[in-house]
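Encoded as structure tokens, the structure appears first; notes follow it.
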Amino acid sequence: VRLVESGGGFVQVGESLKLSCVVSGTTFNQLNMGWYRQYPGKPREMVALVSKYHNSNYADSVKGRFTISRVNAKATVYLQMNSLQPEDTAVYYCNAQRGTIINSWGQGTQVTVSS
């Protein structure tokens, strides 16, 4: 299973970014997908999840600002990030899970929010 993220970058406070993660090597619509982020020296933390049934869940810190979505026909999961804050600066990782069979990660994409 291969996950390729894109869309990270450098933005100012209050601006938006949209991350994309394209999945190949397995049947996308059977995957539960998620976005995680990692600060330097810290473990990865969940940002947003979307199940294979399109149910979503968010970390409290991003509720109302971030939206996760998936397009099965494109084997892609997105993270729309609005009203970005300096504390959103991190490396963002895409994750794909299917039971205990699949637990795969992308290479990560850097998001930097400057004040």
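Chains: A, B, ... in order of the structure tokens. Residues: from 1 per chain. Ligands: from 1, in order shown.
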
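Once A:Leu84 and its same-chain neighbours fewer than 3 positions away are set aside, Val13, Gly14 and Glu15 of chain A remain within 6 Å of it when counting only C-alpha atoms.
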
Store the residues picked out above in a file with N, CA, C and O atoms, as an mmCIF file, in the first residue's frame.
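And here's result26.cif as it stands now:
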data_model
loop_
_atom_site.group_PDB
_atom_site.id
_atom_site.type_symbol
_atom_site.label_atom_id
_atom_site.label_comp_id
_atom_site.auth_asym_id
_atom_site.auth_seq_id
_atom_site.Cartn_x
_atom_site.Cartn_y
_atom_site.Cartn_z
ATOM 1 N N VAL A 13 -1.101 33.314 9.371
ATOM 2 C CA VAL A 13 -2.210 33.055 10.292
ATOM 3 C C VAL A 13 -3.540 33.434 9.626
ATOM 4 O O VAL A 13 -3.652 34.482 9.004
ATOM 5 N N GLY A 14 -4.521 32.542 9.771
ATOM 6 C CA GLY A 14 -5.845 32.792 9.220
ATOM 7 C C GLY A 14 -6.050 32.276 7.806
ATOM 8 O O GLY A 14 -7.189 32.218 7.335
ATOM 9 N N GLU A 15 -4.964 31.876 7.151
ATOM 10 C CA GLU A 15 -5.084 31.370 5.784
ATOM 11 C C GLU A 15 -5.454 29.888 5.777
ATOM 12 O O GLU A 15 -5.614 29.267 6.831
#

Nearby residues (only C-alpha atoms) at most 7 Å from A:Pro86, same-chain spacing under 4 positions excluded, as a compact mmCIF listing (two decimals) with N, CA, C and O atoms, in the first residue's frame:
# COMPACT_ATOMS: atom_id res chain seq x y z
N VAL A 13 -1.10 33.31 9.37
CA VAL A 13 -2.21 33.06 10.29
C VAL A 13 -3.54 33.43 9.63
O VAL A 13 -3.65 34.48 9.00
N VAL A 113 2.76 27.65 9.75
CA VAL A 113 1.88 28.81 9.86
C VAL A 113 2.63 29.91 10.58
O VAL A 113 3.03 29.74 11.74
N SER A 114 2.81 31.01 9.89
CA SER A 114 3.59 32.11 10.45
C SER A 114 2.69 33.23 10.95
O SER A 114 1.68 33.57 10.32
N SER A 115 3.07 33.77 12.10
CA SER A 115 2.33 34.92 12.63
C SER A 115 3.03 36.22 12.24
O SER A 115 2.56 37.29 12.55

### Message
Quick one: residues within 10 Å of A:Asn32, only C-alpha atoms, excluding same-chain residues fewer than 3 positions away - as a list in words?
### Response
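Returned residues: Phe28, Asn29, Leu49, Val50, Ser51, Lys52, Tyr53, His54, Asn55, Ser56, Asn95, Ala96, Gln97, Arg98, Gly99, Ile102 and Asn103 of chain A.
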
### Task
Please return as a ChimeraX atom specification: the residues of chain A that backbone DSSP assigns to strand (DSSP E).
/A:2-6,9-12,17-24,32-38,45-50,56-58,66-71,76-81,90-98,102-105,109-114

### Task
Counting only C-alpha atoms, figure out which residue out of A:Tyr36, A:Tyr58, A:Gln107, A:Cys94 gets nearest to A:Thr76.
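Comparing A:Tyr36, A:Tyr58, A:Gln107, A:Cys94 against A:Thr76, the winner is A:Cys94.
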
#### Entry: stretch 21-23 of chain A surroundings by only C-alpha atoms, 8 Å radius, close-in-sequence under 3 positions cut, as a PyMOL selection string
chain A and resi 1-6+26+28+74-78+94+106

Go ahead and write the residues just picked, C-alpha atoms, as a JSON list (two decimals), in the first residue's frame.
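Final file, again.json:
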[["chain", "number", "residue", "atom", "x", "y", "z"],
["A", 1, "VAL", "CA", 0.00, 0.00, 0.00],
["A", 2, "ARG", "CA", 1.40, 3.40, -0.96],
["A", 3, "LEU", "CA", 0.25, 6.76, 0.33],
["A", 4, "VAL", "CA", 1.46, 10.00, -1.25],
["A", 5, "GLU", "CA", 0.66, 13.30, 0.44],
["A", 6, "SER", "CA", 0.77, 16.75, -1.05],
["A", 26, "THR", "CA", -5.25, -1.73, -2.35],
["A", 28, "PHE", "CA", -9.49, 2.32, -1.25],
["A", 74, "LYS", "CA", -9.97, 9.03, -6.93],
["A", 75, "ALA", "CA", -8.61, 6.91, -4.06],
["A", 76, "THR", "CA", -7.91, 10.20, -2.31],
["A", 77, "VAL", "CA", -8.50, 11.66, 1.12],
["A", 78, "TYR", "CA", -8.36, 15.39, 1.74],
["A", 94, "CYS", "CA", -1.86, 10.38, 6.06],
["A", 106, "GLY", "CA", 2.57, 8.45, 3.99]]

#### Entry: atom CA of A:Val62 to atom CA of A:Ile101, straight-line distance in Å
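Result for atom CA of A:Ile101 versus atom CA of A:Val62: 29.0 Å, one decimal.
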
### Point-to-point distance from atom CA of A:Gln38 to atom CA of A:Glu87, Å rounded to tenths
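So the answer is 11.2 Å.
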
### Query
For A:Phe66, which residue out of A:Thr89, A:Leu19, A:Gly25, A:Arg44 is the nearest one, using only C-alpha atoms?
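Ranking A:Thr89, A:Leu19, A:Gly25, A:Arg44 by distance to A:Phe66, first place goes to A:Leu19.
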
Any idea what's packed within 6 Å of A:Gly108, counting only C-alpha atoms, ignoring anything in its chain fewer than 2 positions away? Could you give it as a CSV table (one decimal) with all heavy atoms, in the first residue's frame?
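And here's part26.csv as it stands now:
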chain,number,residue,atom,x,y,z
A,91,VAL,N,4.3,18.4,11.0
A,91,VAL,CA,4.4,17.5,9.8
A,91,VAL,C,3.1,16.7,9.9
A,91,VAL,O,2.7,16.1,10.9
A,91,VAL,CB,5.6,16.6,9.8
A,91,VAL,CG1,5.5,15.7,8.6
A,91,VAL,CG2,6.9,17.4,9.9
A,92,TYR,N,2.4,16.7,8.8
A,92,TYR,CA,1.1,16.0,8.7
A,92,TYR,C,1.2,14.7,7.9
A,92,TYR,O,1.9,14.7,6.8
A,92,TYR,CB,0.0,16.9,8.0
A,92,TYR,CG,-0.5,18.0,8.9
A,92,TYR,CD1,0.4,19.1,9.3
A,92,TYR,CD2,-1.7,18.0,9.4
A,92,TYR,CE1,-0.1,20.1,10.1
A,92,TYR,CE2,-2.2,19.0,10.3
A,92,TYR,CZ,-1.3,20.0,10.6
A,92,TYR,OH,-1.8,21.0,11.5
A,93,TYR,N,0.7,13.7,8.5
A,93,TYR,CA,0.8,12.3,7.9
A,93,TYR,C,-0.6,11.8,7.6
A,93,TYR,O,-1.5,11.9,8.4
A,93,TYR,CB,1.5,11.4,8.8
A,93,TYR,CG,2.9,11.7,9.1
A,93,TYR,CD1,3.3,12.6,10.2
A,93,TYR,CD2,4.0,11.2,8.3
A,93,TYR,CE1,4.6,12.9,10.4
A,93,TYR,CE2,5.3,11.5,8.6
A,93,TYR,CZ,5.6,12.3,9.7
A,93,TYR,OH,6.9,12.6,9.9
A,106,GLY,N,1.9,7.7,5.0
A,106,GLY,CA,2.6,8.5,4.0
A,106,GLY,C,3.9,9.0,4.5
A,106,GLY,O,4.3,8.8,5.6

### Query
Could you state the separation of atom CA of A:Ala48 and atom CA of A:Trp35 in Å, given to one decimal place?
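Value for the atom CA of A:Ala48-atom CA of A:Trp35 distance: 5.3 Å.
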
### Task
Return the single residue from A:Trp105, A:Gln110, A:Ala90, A:Leu79 that is closest to A:Ser16, with distances computed using only C-alpha atoms.
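Answer, going by the shortest atom-to-atom distance: A:Leu79.
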
### Message
If you run DSSP on the backbone here, which positions in stretch 8-81 of chain A get helix (DSSP H, G or I)? Please write them as an MDAnalysis selection string.
### Response
chainID A and resid 28:30 60:62 72:74
